[in-house]
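Asker: Input: one structure, supplied below.
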Amino acid sequence: MTSITILGGTGYTGRNVAREAVSRGHEVTSFSRHAPEAPVEGARYLTGAISDQLAGLVDASDVVIGALAPAGELEAGLRGVYSELSRLAATKGKRIGIVGGYSALRSAPGAERFAYTGDVPPQFALAARVMAEVVDDLENNSEPGLDWFYISPAAGYGSYAPGEKLGRYRTNGNVAIYEADGSSTISGADFATAIVDEIETPSHSRQHFGVAN
C-alpha cells in the first residue's frame with residue numbers, strides 16, 4: 001500500500017485518480033481549497049490554503065500528485081507552488097507526479113512545446129504556458145535526486161468528454177499521440193489508470209510523457 005496525496009483531489013483528474021487508487025487499496029488523501037460535493041469513498045479529505053500545509057502533506061506521503069489547475073490565484077502562482085513542492089520532495093526523498101496539459105507536449109521529438117508555438121487559443125494560452133514552464137523547471141532546475149514524473153493527457157481530454165474506461169492506453173514520450181483521422185483522446189478513467197500505474201510501477205522517472213487511448 002502506498003500513501004498518496006493528491007493536490008487538487010476534488011477536480012476532474014484528481015477525483016478520478018483518487019477513485020482508481022482507492023480501488024487498488026492505496027491510502028489516499030485529497031487536498032483542495034473546498035470540500036468535495038461527491039467524495040470518493042475510502043479517501044480522506046483535507047482543505048485549506050496550500051501554502052500553509054504543503055510541507056506537512058509531503059511529510060505524510062510516499063507520493064504526491066499535483067493535479068492543480070492554473071486558474072484563479074494559481075494562474076500566476078502555480079509555478080511557485082510546484083517549485084516549492086519539488087524542493088520539499090527532494091529534501092525528504094519523496095516522489096512527485098505532476099498532471100500537466102496537452103499543450104506541454106511536442107509535435108515531434110525536439111520540437112517546441114505546443115504552449116510556446118503561439119497556436120494555443122488565447123483563452124487557454126496563459127494556463128498552457130504556465131504548465132509548460134512547470135515541466136521545463138523540472139527538467140532543467142530540479143534537484144538531481146528528485147524522483148518526478150510529469151504526465152500529459154491527449155488533446156481531447158476533460159470533464160466535457162469523459163469517455164469510457166477501455167482498460168488500455170498508449171504512451172509516446174513527450175510527443176503527442178494522434179489517430180490516423182487526426183483525433184487524440186483519453187478517457188478520464190484511463191488517464192487515472194495510467195497515473196496510478198506509474199505510481200505502482202515507476203517507468204518514467206524524471207520524464208515527461210503523454211497518454212492517449
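Quick note on naming: the chains in the C-alpha cells go A, B, ... in the order shown, residues restart at 1 in each chain, and ligands are numbered from 1 in order of appearance.
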Counting only C-alpha atoms, give me one row per residue of stretch 78-154 of chain A with an atom at most 8 Å from an atom of stretch 55-60 of chain A, showing the shortest contact pair and its distance in Å to one decimal, sorted by chain then residue number, as a Markdown table.
Answerer:
```
| residue | atom | partner | partner_atom | distance |
| --- | --- | --- | --- | --- |
| A:Leu85 | CA | A:Val58 | CA | 7.8 |
| A:Leu88 | CA | A:Ala55 | CA | 6.7 |
| A:Ala89 | CA | A:Val58 | CA | 6.6 |
| A:Lys92 | CA | A:Asp59 | CA | 7.2 |
| A:Lys94 | CA | A:Val58 | CA | 7.3 |
```
Asker: Please produce an output containing N, CA and C atoms for each residue in the selection, written as a PDB file, in the first residue's frame.
Answerer:
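Written file, out.pdb:
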```
ATOM      1  N   LEU A  85       7.067  22.458  -3.959  1.00  0.00           N
ATOM      2  CA  LEU A  85       6.811  21.022  -3.823  1.00  0.00           C
ATOM      3  C   LEU A  85       8.042  20.225  -4.217  1.00  0.00           C
ATOM      4  N   LEU A  88      10.745  20.505  -1.461  1.00  0.00           N
ATOM      5  CA  LEU A  88      10.412  19.711  -0.279  1.00  0.00           C
ATOM      6  C   LEU A  88      10.563  18.220  -0.551  1.00  0.00           C
ATOM      7  N   ALA A  89      10.078  17.776  -1.707  1.00  0.00           N
ATOM      8  CA  ALA A  89      10.148  16.348  -2.032  1.00  0.00           C
ATOM      9  C   ALA A  89      11.587  15.891  -2.171  1.00  0.00           C
ATOM     10  N   LYS A  92      13.087  15.537   1.305  1.00  0.00           N
ATOM     11  CA  LYS A  92      12.520  14.462   2.120  1.00  0.00           C
ATOM     12  C   LYS A  92      12.522  13.106   1.411  1.00  0.00           C
ATOM     13  N   LYS A  94      10.836  12.110  -1.337  1.00  0.00           N
ATOM     14  CA  LYS A  94       9.507  11.684  -1.761  1.00  0.00           C
ATOM     15  C   LYS A  94       9.370  11.823  -3.283  1.00  0.00           C
TER      16      LYS A  94
END
```
Asker: I want to know what sits within 12 Å of A:Glu73, based on only C-alpha atoms, with residues of the same chain fewer than 4 positions away left out; could you give that as a list in words?
Answerer: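 Near neighbours after the sequence-gap exclusion: Arg33, Ala49, Ile50, Leu68, Ala69, Gly77, Leu78, Arg79, Gly80, Val81 and Ala127 of chain A.
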Asker: Give me the residues within 8 Å of A:Leu46 as a PyMOL selection string, counting only C-alpha atoms and dropping any in the same chain fewer than 4 places off.
Answerer: chain A and resi 29-32+35
Asker: Residues of the last selection are to be written out with N, CA and C atoms, as a compact mmCIF listing (two decimals), in the first residue's frame.
Answerer:
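Produced file out_18.txt, reproduced below:
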```txt
# COMPACT_ATOMS: atom_id res chain seq x y z
N THR A 29 -5.14 10.63 0.27
CA THR A 29 -5.53 11.89 0.87
C THR A 29 -5.71 12.91 -0.25
N SER A 30 -6.85 13.57 -0.25
CA SER A 30 -7.13 14.63 -1.22
C SER A 30 -7.03 15.97 -0.51
N PHE A 31 -6.30 16.89 -1.13
CA PHE A 31 -6.20 18.24 -0.58
C PHE A 31 -6.71 19.24 -1.60
N SER A 32 -7.58 20.13 -1.15
CA SER A 32 -8.12 21.17 -2.03
C SER A 32 -8.60 22.34 -1.18
N ALA A 35 -14.26 21.40 0.25
CA ALA A 35 -14.67 20.00 0.40
C ALA A 35 -15.41 19.56 -0.87
```
Asker: Mind giving me the straight-line distance from atom CA of A:Glu37 to atom CA of A:Thr10 in Å, one decimal?
Answerer: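 Distance reported for this atom pair: 8.5 Å.
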Asker: Please provide as a ChimeraX atom specification all residues within 9 Å of A:Glu20, with the sequence filter that same-chain residues fewer than 2 positions apart are discarded (counting only C-alpha atoms).
Answerer: /A:15-18,22-24,189,192-193,196
Asker: Env of A:Ser103: 8 Å cut, atoms = only C-alpha atoms, seq-sep filter 2 positions within chain, self excluded. Answer as a list in words.
Answerer: Gly101, Leu105, Arg106, Arg113, Phe114, Ala115, Val120, Ala128, Arg129 and Ala132 of chain A
Asker: Tell me, as a list in words, which residues lie within 9 Å of A:Tyr178, counting only C-alpha atoms; anything in the same chain fewer than 3 positions away does not count.
Answerer: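 Contacts, in chain order: Ala154, Ala155, Asp181, Gly182, Ser183, Ser184, Thr185 and Ala212 of chain A.
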Asker: Please measure the separation of atom CA of A:Tyr150 and atom CA of A:Val63, giving the value in Å to one decimal.
Answerer: 13.0 Å
Asker: Could you check which of A:Ala194, A:Ala90, A:Val99, A:Met131 is closest to A:Glu143, using only C-alpha atoms?
Answerer: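 Counting only C-alpha atoms, the residue closest to A:Glu143 is A:Ala90.
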Asker: Taking the DSSP secondary structure from the backbone, can you list the residues of stretch 85-147 of chain A that are alpha helix (DSSP H), as a list of chain:residue names?
Answerer: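 Checking each residue of stretch 85-147 of chain A, the alpha helix (DSSP H) ones are A:Leu85, A:Ser86, A:Arg87, A:Leu88, A:Ala89, A:Ala90, A:Thr91, A:Lys92, A:Pro122, A:Gln123, A:Phe124, A:Ala125, A:Leu126, A:Ala127, A:Ala128, A:Arg129, A:Val130, A:Met131, A:Ala132, A:Glu133, A:Val134, A:Val135, A:Asp136, A:Asp137, A:Leu138, A:Glu139, A:Asn140, A:Asn141.
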Asker: Determine the nearest neighbour of A:Asn172 from the options A:Ile199, A:Ile186, A:Ile151, A:Val211, counting only C-alpha atoms.
Answerer: A:Val211
